[in-house]
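Notes follow the structure.
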Amino acid sequence: MDKIIVKGARVHNLKGIDVEIPKFSFTVITGLSGSGKSSLAMDTIFTEGQRRYLESLSAYVRQFIGELKRPEVESIEGLSPAIAIDQKSVSHNPRSTVGTVTEIYDYLRVLYAQIGVPHCPHCGKELQKMSVDEIVSHMFKHFSGKRVTITAPIAWQKKGTFKDEFQKYLEKGYTRVEVDGTIYRLEEVPELNKNVRHDINLVIDRTSIVEENVHRIFQSVELALKEGNGFVLLKTEDGREHMYSEKLSCLDCGFSMPEINAKLFSFNSPYGACPDCHGLGFKLEVDEDSIFEEDKPVIEGLRIGHKADGWLPRRIERIVREYGGNPHLPFRAQPDEVKEALLYGTEYFEGLVNLVKERYEEYTSEEMREWLVENFFVERTCQTCGGKRLRAEALSVFVAGLNIIEFTELPISKELEVIRNLKSTLGTKKLEAVGELIDEIEKRLDFLKQVGLGYLTLARNVRTLSGGEAQRIRLATQIGSKLTGVIYVLDEPTIGLHQRDNDRLINMLKQLRDLGNTVIVVEHDEDVIRSADYVVDIGPGAGVNGGWVVFSGTVQELMKCERSLTGKYLSGKLKIEVPRQRRKGNGKYLRIIGARHNNLKHITVEFPLGTFICVTGVSGSGKSSLILDTLYPALSNKLYRTKLPVGEHDRIEGIEEIDKVIAIDQSPIGKTPRSNPATYTKVFDAIRELYAMTPEARARGYDKGRFSFNVKGGRCEACAGQGVIKIEMMFLPEVYVECDVCKGTRYNSETLEVTYKGKNIAEVLDMTVDEALEFFQNIPAIRDTLQVLSDVGLGYIKLGQPATTLSGGEAQRVKLAAELKKKATGRTLYILDEPTVGLHFDDVKKLVNVLNKLVDKGNTVIVIEHNLDVIKSADYIIDLGPEGGDEGGYVIATGTPEELAQNPNSWTGMYLRRVLERDYETGVV
């Protein structure tokens, strides 16, 4: 069968739709945000494909997986095994790096074990090992005719009396030993001072290096290697010495290398990991600055301890007075002696740093331990390995002049160059041994470069990757596996990708298709839609107004479809207009000077206040380093006295011109199903108050707490108000199943008997924002918040939708709505990180309108963005580049979109020019 035929799909908001998707093609499913695209692609096609594949496994394997719920669909024909590549994080493990999740690091470990050149970690000399033949040959070459003593080193600079050792060698038949340069008969060695370090060599033979003694010398060397644990020390009568070894060792320092194998280069193995940080590269240590509040008197400002610790304030006051301090002054104003005593202890007090560590070890509650870590601990680079995770021996093995960690810290594009050069410089014999290994590493690195990730390093922790970067890493891994006959379902792979890199990504998707796979992509990006073989448009609206197939066919046919919003934007009938004039701002500036965090090249950047600013540039050019890692934490620390880590810079000018800074990123609004848009925006508080005021609630004596699913009383106790029950799946991720008692409503039956306008509290949580907006039209406290959610394009999400099911873009817009409902001061700085994630052209239009309203009130908006419709709507653009990673970090261009479009050095300007020219030609402006 050459089609996937879906009949009667009713998952989430899908209205029992039928759709046909050609197999072995590149299909894009598009439509408004919340129209049902992911419900069709992920929750119907992928889920059913995965379920059928798992059903084909043995009963033994299935017992560990459990039964997968069949999606609500009448039938699906033509399905193959399915693989989903979504936006979820690759791994939350602090040990996971780009290298480990792509398996490139495993290949590198084998490569270094095979051809790595070991060096001494102390003096840097290349380590050598010699066979008995080589040692004897060297002796004849350099000491021919000389009388020598052949000894076996027993101890180098070791303390002890060594009585037992001397007795053991005496029993073996040896007669002499050299102790600290003097030769004694074994039975006559004077008693040694056990507290002094000694050099001890067992005398094996005294002979001359002449031809007739060659057999005797050979045997003596063998014996010396055996007794000396692989080492032989040769001494001549004129005082010359030479150390030989059959192991990899440094003859100057006495350092001996353990067996070199792939385990030695693994930071997840005790054999290779740094013994101090256990392969993490950092250690969790108490942050001394977090223990006291900055401006409060020392006792009042103490942040650790509780009422039961009445002794602690008294102890602190005693120490402060005893060491010459003033208890009425803050900690930072105390003398150094007082600070030292308080933090690290006295003869009668253990110190606050140790107290925090003890509390962390004592607490059994995971929540309390997390609270301590968030408030009092910082990750500090391990001093032993310098953050490189491996033991010194592993870091002393080099290939092409780099140890394995130095190699992984290069950008992927540079790593590719090193690997290609290595192929041309290795000898024929070595190339035969590792040729296939190098080819596999080269191929996988090349895949990562092709999907626009050449600026990343293999050492990068996967927790720091954006959703789009994580997705493209998984895409590159899948292409490397070269599977055929599979259905690949991708969820917005263009996230975080500059237009310049879109072509590369599209080529990769076509490559997957050409291998004999079916590629289904949920996407809003214009370039991807235009490149598709087949398009399915879901709509016509979002939420309850979506769930229908508006169109299916080719892109050319889509552009002629009058019912499709997507088609109208592609054909140019609908557009996001270019502003008729650009704001100049209020004449004041925020200026960051000397920014040099990550790859930033000591740049100075000006932000005109009172304008809509876009920070652009190719992936990895330094946008997040400048705004999210440097500007935002610096402003937050100054305005709110937070203690966020700030990227390196000289100074920031103009902070006094703003009184509020708000950063809205794509992190989840909560980690459990308890969190939802209603609780996050606080609209649920007003809804609960309304229900508590109903006649039925008042008659029963219910207050607003009765309608909370987070506290005992009104909630279902079987699931503790979550509506779902978490099931641990052994080695698989945990799954949530609907609660059997409350059927997912979260509340007990008594609470659900209270209604407002015929709806109980659970039914309200099940409403979409737009439905609730109409339902609560006459309640301003509720209506106003819901209106803001609708304005930012979230009218389709449900009020009680668990945070775990929201996309990064949806979570970001919920946060934006929560901030927008607060009163703006007119001097607020809003920072947004790619707010267009998951947005259709029509939703982007709404978002741009919302941001413009903020700026019209005098506020400043800074947006990190790749979307050209947002960029062309900005008043001012700061373009970073020219490339990603080491080749980025410069300010390439600044100015209005029109000015940027004329800049020949800007990639963003080149693509922006095309958009502006098209808009001017079609008369949008």
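Quick note on naming: the chains in the structure tokens go A, B, ... in the order shown, residues restart at 1 in each chain, and ligands are numbered from 1 in order of appearance.
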Hey, what's within 8 Å of Ser906 of chain A if we count only C-alpha atoms and toss same-chain stuff fewer than 5 positions away? As number ranges by chain, please?
A: 879, 881-882, 892-893, 900-901
Export of the given selection (C-alpha atoms) as a CSV table (one decimal), in the first residue's frame:
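Written output follows (again.csv):
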```
chain,number,residue,atom,x,y,z
A,879,ASP,CA,22.4,41.3,14.2
A,881,GLY,CA,27.4,36.7,13.7
A,882,PRO,CA,28.8,36.3,11.2
A,892,ILE,CA,27.5,42.5,12.4
A,893,ALA,CA,24.8,45.2,11.9
A,900,LEU,CA,19.9,45.9,7.8
A,901,ALA,CA,18.5,44.7,4.5
```
Using DSSP on the backbone, list every residue of segment 184-246 of chain A that comes out as strand (DSSP E or B), and give them as a count of residues only.
25
Between atom CA of Tyr876 of chain A and atom CA of Trp907 of chain A, what distance in Å does the model show, to one decimal?
16.3 Å
Let's see if you can do this: from backbone DSSP, list all helix (DSSP H, G or I) residues in segment 285-531 of chain A, as a short mmCIF file (atom, residue, chain, number, x, y, z; two decimals) with N, CA and C atoms, in the first residue's frame.
```cif
data_model
loop_
_atom_site.label_atom_id
_atom_site.label_comp_id
_atom_site.auth_asym_id
_atom_site.auth_seq_id
_atom_site.Cartn_x
_atom_site.Cartn_y
_atom_site.Cartn_z
N GLU A 288 28.72 30.81 49.86
CA GLU A 288 28.84 31.61 51.09
C GLU A 288 27.98 32.88 51.05
N ASP A 289 27.82 33.47 49.86
CA ASP A 289 27.06 34.71 49.73
C ASP A 289 25.56 34.52 49.92
N SER A 290 25.08 33.26 49.88
CA SER A 290 23.64 33.02 49.95
C SER A 290 23.13 32.87 51.37
N LYS A 307 12.49 28.25 63.61
CA LYS A 307 12.17 28.58 65.00
C LYS A 307 12.80 27.61 66.00
N ALA A 308 12.91 26.37 65.58
CA ALA A 308 13.49 25.35 66.50
C ALA A 308 14.97 25.62 66.75
N ASP A 309 15.58 26.47 65.92
CA ASP A 309 17.02 26.76 66.05
C ASP A 309 17.26 28.03 66.86
N TRP A 311 18.94 28.48 69.33
CA TRP A 311 20.35 28.56 69.76
C TRP A 311 21.22 29.24 68.71
N LEU A 312 20.79 29.16 67.43
CA LEU A 312 21.67 29.62 66.34
C LEU A 312 21.87 31.15 66.37
N PRO A 313 20.79 31.97 66.47
CA PRO A 313 21.02 33.41 66.55
C PRO A 313 21.90 33.80 67.75
N ARG A 314 21.68 33.11 68.90
CA ARG A 314 22.49 33.44 70.08
C ARG A 314 23.96 33.11 69.83
N ARG A 315 24.21 31.98 69.18
CA ARG A 315 25.58 31.56 68.88
C ARG A 315 26.24 32.57 67.94
N ILE A 316 25.49 33.03 66.95
CA ILE A 316 26.04 33.97 65.97
C ILE A 316 26.36 35.30 66.64
N GLU A 317 25.45 35.77 67.49
CA GLU A 317 25.71 37.05 68.17
C GLU A 317 26.96 36.95 69.03
N ARG A 318 27.12 35.82 69.70
CA ARG A 318 28.31 35.62 70.56
C ARG A 318 29.59 35.68 69.72
N ILE A 319 29.58 35.00 68.57
CA ILE A 319 30.78 34.97 67.71
C ILE A 319 31.09 36.36 67.18
N VAL A 320 30.04 37.08 66.73
CA VAL A 320 30.25 38.42 66.17
C VAL A 320 30.91 39.33 67.20
N ARG A 321 30.37 39.30 68.44
CA ARG A 321 30.94 40.18 69.48
C ARG A 321 32.35 39.72 69.86
N GLU A 322 32.54 38.40 69.98
CA GLU A 322 33.83 37.85 70.42
C GLU A 322 34.95 38.19 69.44
N PHE A 331 26.15 41.28 57.25
CA PHE A 331 27.29 40.36 57.18
C PHE A 331 28.43 40.95 56.36
N ARG A 332 28.09 41.59 55.21
CA ARG A 332 29.15 42.09 54.33
C ARG A 332 29.99 43.19 54.97
N ALA A 333 29.42 43.84 56.03
CA ALA A 333 30.14 44.93 56.68
C ALA A 333 30.97 44.45 57.88
N ASP A 336 36.79 40.64 58.49
CA ASP A 336 37.09 39.34 57.87
C ASP A 336 37.14 38.22 58.91
N GLU A 337 37.63 38.54 60.12
CA GLU A 337 37.73 37.50 61.16
C GLU A 337 36.35 36.98 61.53
N VAL A 338 35.36 37.90 61.60
CA VAL A 338 33.99 37.51 61.94
C VAL A 338 33.41 36.63 60.82
N LYS A 339 33.62 37.07 59.57
CA LYS A 339 33.10 36.30 58.43
C LYS A 339 33.66 34.88 58.43
N GLU A 340 34.97 34.78 58.65
CA GLU A 340 35.64 33.48 58.65
C GLU A 340 35.08 32.58 59.75
N ALA A 341 34.90 33.15 60.94
CA ALA A 341 34.41 32.37 62.08
C ALA A 341 32.96 31.91 61.85
N LEU A 342 32.13 32.80 61.34
CA LEU A 342 30.72 32.44 61.11
C LEU A 342 30.58 31.36 60.03
N LEU A 343 31.34 31.51 58.96
CA LEU A 343 31.18 30.59 57.83
C LEU A 343 31.86 29.25 58.08
N TYR A 344 33.08 29.28 58.65
CA TYR A 344 33.85 28.05 58.73
C TYR A 344 34.10 27.54 60.15
N LEU A 352 28.59 27.89 59.51
CA LEU A 352 27.33 27.83 58.77
C LEU A 352 27.44 27.03 57.48
N VAL A 353 28.62 27.05 56.86
CA VAL A 353 28.81 26.27 55.62
C VAL A 353 28.63 24.79 55.93
N ASN A 354 29.26 24.32 57.01
CA ASN A 354 29.10 22.90 57.39
C ASN A 354 27.69 22.60 57.84
N LEU A 355 27.04 23.58 58.46
CA LEU A 355 25.66 23.40 58.92
C LEU A 355 24.72 23.16 57.73
N VAL A 356 24.91 23.94 56.66
CA VAL A 356 24.08 23.77 55.46
C VAL A 356 24.32 22.38 54.85
N LYS A 357 25.60 21.96 54.80
CA LYS A 357 25.92 20.63 54.26
C LYS A 357 25.24 19.54 55.09
N GLU A 358 25.28 19.70 56.43
CA GLU A 358 24.66 18.70 57.32
C GLU A 358 23.16 18.63 57.09
N ARG A 359 22.53 19.81 56.95
CA ARG A 359 21.08 19.84 56.72
C ARG A 359 20.74 19.09 55.42
N TYR A 360 21.56 19.30 54.40
CA TYR A 360 21.31 18.64 53.11
C TYR A 360 21.38 17.12 53.27
N GLU A 361 22.35 16.65 54.04
CA GLU A 361 22.50 15.20 54.23
C GLU A 361 21.42 14.63 55.15
N GLU A 362 20.94 15.45 56.11
CA GLU A 362 19.94 14.97 57.07
C GLU A 362 18.55 14.85 56.45
N GLU A 366 12.79 15.01 49.35
CA GLU A 366 13.41 15.46 48.11
C GLU A 366 13.13 16.94 47.87
N GLU A 367 11.93 17.39 48.27
CA GLU A 367 11.56 18.80 48.09
C GLU A 367 12.47 19.71 48.91
N MET A 368 12.74 19.32 50.16
CA MET A 368 13.59 20.13 51.03
C MET A 368 15.04 20.16 50.51
N ARG A 369 15.49 19.01 50.01
CA ARG A 369 16.85 18.96 49.46
C ARG A 369 16.95 19.86 48.23
N GLU A 370 15.91 19.82 47.38
CA GLU A 370 15.89 20.69 46.20
C GLU A 370 15.89 22.16 46.60
N TRP A 371 15.11 22.48 47.64
CA TRP A 371 15.03 23.87 48.12
C TRP A 371 16.41 24.33 48.60
N LEU A 372 17.10 23.47 49.33
CA LEU A 372 18.44 23.82 49.81
C LEU A 372 19.40 24.05 48.64
N VAL A 373 19.34 23.15 47.65
CA VAL A 373 20.24 23.27 46.50
C VAL A 373 19.97 24.57 45.76
N GLU A 374 18.68 24.90 45.53
CA GLU A 374 18.33 26.12 44.80
C GLU A 374 18.76 27.38 45.53
N ASN A 375 18.69 27.35 46.87
CA ASN A 375 18.93 28.56 47.65
C ASN A 375 20.35 28.72 48.18
N PHE A 376 21.04 27.61 48.41
CA PHE A 376 22.32 27.72 49.11
C PHE A 376 23.51 27.09 48.40
N ALA A 392 43.61 12.20 35.38
CA ALA A 392 44.79 12.78 34.72
C ALA A 392 45.37 11.85 33.65
N GLU A 393 45.37 10.53 33.90
CA GLU A 393 45.95 9.59 32.95
C GLU A 393 45.23 9.67 31.60
N ALA A 394 43.88 9.75 31.63
CA ALA A 394 43.10 9.81 30.38
C ALA A 394 43.37 11.11 29.64
N LEU A 395 43.56 12.20 30.40
CA LEU A 395 43.78 13.51 29.78
C LEU A 395 45.21 13.64 29.23
N ILE A 404 41.18 13.82 24.59
CA ILE A 404 39.81 13.57 24.14
C ILE A 404 38.85 14.70 24.53
N ILE A 405 39.07 15.32 25.68
CA ILE A 405 38.18 16.41 26.11
C ILE A 405 38.47 17.68 25.31
N GLU A 406 39.76 17.97 25.06
CA GLU A 406 40.10 19.12 24.22
C GLU A 406 39.46 18.98 22.84
N PHE A 407 39.44 17.75 22.33
CA PHE A 407 38.82 17.51 21.02
C PHE A 407 37.32 17.81 21.09
N THR A 408 36.63 17.31 22.13
CA THR A 408 35.17 17.49 22.21
C THR A 408 34.79 18.93 22.53
N ILE A 412 31.86 21.59 16.39
CA ILE A 412 31.73 20.39 15.54
C ILE A 412 32.37 20.62 14.17
N SER A 413 32.24 21.84 13.63
CA SER A 413 32.84 22.12 12.32
C SER A 413 34.36 21.96 12.36
N LYS A 414 35.00 22.37 13.49
CA LYS A 414 36.46 22.22 13.64
C LYS A 414 36.83 20.75 13.88
N GLU A 415 36.00 20.06 14.65
CA GLU A 415 36.26 18.63 14.90
C GLU A 415 36.28 17.85 13.59
N LEU A 416 35.38 18.24 12.70
CA LEU A 416 35.30 17.59 11.39
C LEU A 416 36.61 17.78 10.62
N GLU A 417 37.18 19.00 10.70
CA GLU A 417 38.46 19.28 10.03
C GLU A 417 39.57 18.41 10.61
N VAL A 418 39.61 18.30 11.96
CA VAL A 418 40.66 17.51 12.62
C VAL A 418 40.57 16.05 12.19
N ILE A 419 39.36 15.50 12.15
CA ILE A 419 39.18 14.09 11.77
C ILE A 419 39.59 13.87 10.31
N ARG A 420 39.24 14.81 9.44
CA ARG A 420 39.61 14.65 8.02
C ARG A 420 41.13 14.75 7.83
N ASN A 421 41.76 15.66 8.59
CA ASN A 421 43.23 15.77 8.52
C ASN A 421 43.90 14.52 9.05
N LEU A 422 43.28 13.91 10.08
CA LEU A 422 43.84 12.72 10.71
C LEU A 422 43.94 11.58 9.70
N LYS A 423 42.92 11.47 8.84
CA LYS A 423 42.92 10.40 7.84
C LYS A 423 44.12 10.51 6.90
N SER A 424 44.49 11.76 6.60
CA SER A 424 45.59 11.96 5.64
C SER A 424 46.97 11.86 6.31
N THR A 425 47.03 11.97 7.63
CA THR A 425 48.34 11.96 8.31
C THR A 425 48.68 10.62 8.95
N THR A 428 49.71 3.95 7.04
CA THR A 428 48.86 2.93 6.41
C THR A 428 48.43 1.87 7.41
N LYS A 429 49.36 1.43 8.28
CA LYS A 429 49.05 0.37 9.24
C LYS A 429 47.97 0.83 10.22
N LYS A 430 48.13 2.03 10.76
CA LYS A 430 47.16 2.55 11.72
C LYS A 430 45.81 2.81 11.04
N LEU A 431 45.86 3.29 9.81
CA LEU A 431 44.63 3.59 9.09
C LEU A 431 43.82 2.33 8.84
N GLU A 432 44.51 1.23 8.59
CA GLU A 432 43.83 -0.05 8.42
C GLU A 432 43.08 -0.44 9.69
N ALA A 433 43.71 -0.14 10.84
CA ALA A 433 43.12 -0.53 12.14
C ALA A 433 41.92 0.33 12.51
N VAL A 434 41.98 1.64 12.20
CA VAL A 434 40.92 2.55 12.69
C VAL A 434 40.19 3.27 11.57
N GLY A 435 40.40 2.87 10.33
CA GLY A 435 39.78 3.56 9.19
C GLY A 435 38.27 3.62 9.28
N GLU A 436 37.64 2.48 9.57
CA GLU A 436 36.17 2.43 9.65
C GLU A 436 35.66 3.30 10.79
N LEU A 437 36.41 3.28 11.89
CA LEU A 437 36.06 4.08 13.07
C LEU A 437 36.06 5.57 12.71
N ILE A 438 37.11 6.02 12.03
CA ILE A 438 37.22 7.43 11.64
C ILE A 438 36.11 7.80 10.65
N ASP A 439 35.79 6.90 9.73
CA ASP A 439 34.71 7.17 8.75
C ASP A 439 33.38 7.38 9.46
N GLU A 440 33.11 6.56 10.49
CA GLU A 440 31.84 6.67 11.22
C GLU A 440 31.76 7.99 11.99
N ILE A 441 32.88 8.37 12.62
CA ILE A 441 32.92 9.64 13.35
C ILE A 441 32.71 10.80 12.38
N GLU A 442 33.42 10.76 11.24
CA GLU A 442 33.31 11.82 10.24
C GLU A 442 31.87 11.95 9.73
N LYS A 443 31.24 10.81 9.46
CA LYS A 443 29.89 10.82 8.91
C LYS A 443 28.91 11.45 9.90
N ARG A 444 29.01 11.08 11.18
CA ARG A 444 28.08 11.60 12.18
C ARG A 444 28.32 13.09 12.46
N LEU A 445 29.58 13.51 12.48
CA LEU A 445 29.87 14.94 12.66
C LEU A 445 29.32 15.73 11.47
N ASP A 446 29.47 15.16 10.27
CA ASP A 446 28.99 15.84 9.07
C ASP A 446 27.47 16.01 9.10
N PHE A 447 26.76 14.99 9.60
CA PHE A 447 25.30 15.10 9.73
C PHE A 447 24.92 16.27 10.64
N LEU A 448 25.62 16.37 11.78
CA LEU A 448 25.32 17.45 12.72
C LEU A 448 25.59 18.82 12.09
N LYS A 449 26.66 18.91 11.31
CA LYS A 449 26.97 20.17 10.63
C LYS A 449 25.89 20.49 9.60
N GLN A 450 25.41 19.46 8.89
CA GLN A 450 24.40 19.68 7.86
C GLN A 450 23.08 20.20 8.41
N VAL A 462 23.57 18.42 27.39
CA VAL A 462 22.30 18.46 26.65
C VAL A 462 21.22 19.23 27.41
N ARG A 463 21.41 19.44 28.72
CA ARG A 463 20.41 20.22 29.47
C ARG A 463 20.39 21.67 29.01
N THR A 464 21.47 22.13 28.38
CA THR A 464 21.55 23.53 27.95
C THR A 464 21.08 23.74 26.51
N GLY A 467 14.99 23.34 22.46
CA GLY A 467 14.18 22.26 21.93
C GLY A 467 14.53 21.94 20.49
N GLY A 468 14.77 22.99 19.70
CA GLY A 468 15.11 22.79 18.29
C GLY A 468 16.46 22.12 18.10
N GLU A 469 17.44 22.51 18.93
CA GLU A 469 18.77 21.89 18.84
C GLU A 469 18.70 20.41 19.21
N ALA A 470 17.96 20.11 20.28
CA ALA A 470 17.82 18.72 20.71
C ALA A 470 17.16 17.89 19.62
N GLN A 471 16.15 18.47 18.98
CA GLN A 471 15.42 17.75 17.94
C GLN A 471 16.32 17.47 16.73
N ARG A 472 17.14 18.45 16.36
CA ARG A 472 17.99 18.26 15.19
C ARG A 472 19.13 17.27 15.48
N ILE A 473 19.57 17.20 16.75
CA ILE A 473 20.57 16.19 17.12
C ILE A 473 19.98 14.80 16.93
N ARG A 474 18.73 14.63 17.35
CA ARG A 474 18.08 13.32 17.20
C ARG A 474 17.84 13.02 15.72
N LEU A 475 17.55 14.06 14.95
CA LEU A 475 17.34 13.87 13.51
C LEU A 475 18.64 13.37 12.86
N ALA A 476 19.75 14.01 13.21
CA ALA A 476 21.05 13.60 12.65
C ALA A 476 21.39 12.16 13.04
N THR A 477 21.05 11.79 14.29
CA THR A 477 21.30 10.42 14.75
C THR A 477 20.48 9.42 13.95
N GLN A 478 19.22 9.78 13.66
CA GLN A 478 18.35 8.88 12.90
C GLN A 478 18.86 8.69 11.47
N ILE A 479 19.31 9.78 10.84
CA ILE A 479 19.83 9.67 9.47
C ILE A 479 21.08 8.79 9.48
N GLY A 480 21.85 8.91 10.54
CA GLY A 480 23.05 8.07 10.66
C GLY A 480 22.72 6.59 10.76
N SER A 481 21.54 6.27 11.33
CA SER A 481 21.17 4.86 11.48
C SER A 481 20.73 4.22 10.16
N GLN A 499 17.07 31.33 8.85
CA GLN A 499 16.64 31.02 7.47
C GLN A 499 17.76 30.41 6.63
N ARG A 500 18.98 30.86 6.89
CA ARG A 500 20.11 30.36 6.11
C ARG A 500 20.27 28.86 6.25
N ASP A 501 19.92 28.34 7.44
CA ASP A 501 20.12 26.92 7.71
C ASP A 501 18.90 26.08 7.36
N ASN A 502 17.77 26.75 7.00
CA ASN A 502 16.56 26.00 6.66
C ASN A 502 16.78 25.05 5.49
N ASP A 503 17.52 25.51 4.49
CA ASP A 503 17.75 24.69 3.29
C ASP A 503 18.47 23.39 3.66
N ARG A 504 19.44 23.52 4.58
CA ARG A 504 20.18 22.32 5.01
C ARG A 504 19.21 21.32 5.67
N LEU A 505 18.35 21.85 6.54
CA LEU A 505 17.40 20.98 7.24
C LEU A 505 16.45 20.31 6.24
N ILE A 506 15.95 21.08 5.31
CA ILE A 506 15.02 20.54 4.31
C ILE A 506 15.71 19.44 3.50
N ASN A 507 16.98 19.65 3.16
CA ASN A 507 17.73 18.61 2.44
C ASN A 507 17.86 17.34 3.27
N MET A 508 18.06 17.49 4.58
CA MET A 508 18.15 16.33 5.47
C MET A 508 16.84 15.56 5.50
N LEU A 509 15.72 16.30 5.56
CA LEU A 509 14.41 15.65 5.57
C LEU A 509 14.18 14.90 4.27
N LYS A 510 14.59 15.51 3.17
CA LYS A 510 14.44 14.84 1.87
C LYS A 510 15.35 13.61 1.77
N GLN A 511 16.51 13.71 2.42
CA GLN A 511 17.44 12.58 2.46
C GLN A 511 16.79 11.39 3.19
N LEU A 512 16.10 11.70 4.31
CA LEU A 512 15.37 10.66 5.05
C LEU A 512 14.33 10.01 4.16
N ARG A 513 13.60 10.87 3.40
CA ARG A 513 12.57 10.37 2.48
C ARG A 513 13.20 9.48 1.40
N ASP A 514 14.32 9.94 0.85
CA ASP A 514 14.95 9.23 -0.26
C ASP A 514 15.55 7.88 0.17
N GLU A 526 7.46 28.77 6.41
CA GLU A 526 7.07 28.91 5.01
C GLU A 526 7.98 28.10 4.08
N ASP A 527 9.29 28.12 4.33
CA ASP A 527 10.23 27.39 3.47
C ASP A 527 9.94 25.89 3.48
N VAL A 528 9.65 25.35 4.68
CA VAL A 528 9.39 23.91 4.79
C VAL A 528 8.09 23.55 4.08
N ILE A 529 7.05 24.37 4.28
CA ILE A 529 5.76 24.09 3.63
C ILE A 529 5.93 24.09 2.11
N ARG A 530 6.64 25.09 1.60
CA ARG A 530 6.81 25.20 0.14
C ARG A 530 7.65 24.04 -0.42
N SER A 531 8.47 23.41 0.41
CA SER A 531 9.32 22.31 -0.06
C SER A 531 8.63 20.95 0.01
#
```
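Among the candidates A:Glu750, A:Lys682, A:Ser667, A:Tyr455, the one nearest to Arg706 of chain A when counting only C-alpha atoms is A:Glu750.
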By how many Å are atom CA of Thr346 of chain A and atom CA of Lys283 of chain A apart?
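Those two atoms sit 25.1 Å apart.
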Counting only C-alpha atoms, which of A:Pro579, A:Lys660, A:Lys712, A:Ala817 gets nearest to Pro897 of chain A?
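Using only C-alpha atoms, Pro897 of chain A sits closest to A:Pro579.
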Excluding Lys141 of chain A and residues on its chain fewer than 5 positions from it, collect all residues at most 10 Å away from it, counting only C-alpha atoms, and give them as a PyMOL selection string.
chain A and resi 135-136+209
Can those selected residues be exported to a file as a CSV table (one decimal), in the first residue's frame so that it contains C-alpha atoms?
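Produced file out14.csv, reproduced below:
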```csv
chain,number,residue,atom,x,y,z
A,135,ILE,CA,66.3,-3.0,26.9
A,136,VAL,CA,69.3,-5.4,26.4
A,209,ILE,CA,78.2,-5.3,29.4
```
I'd like the neighbourhood of Gly701 of chain A as a CSV table (one decimal) with C-alpha atoms, in the first residue's frame, where a residue qualifies if any of its atoms comes within 9 Å (using only C-alpha atoms), though same-chain residues fewer than 4 positions away should be ignored.
```
chain,number,residue,atom,x,y,z
A,692,ALA,CA,-17.5,29.9,47.1
A,696,GLU,CA,-25.1,26.0,47.4
A,697,ALA,CA,-21.5,26.5,48.5
```
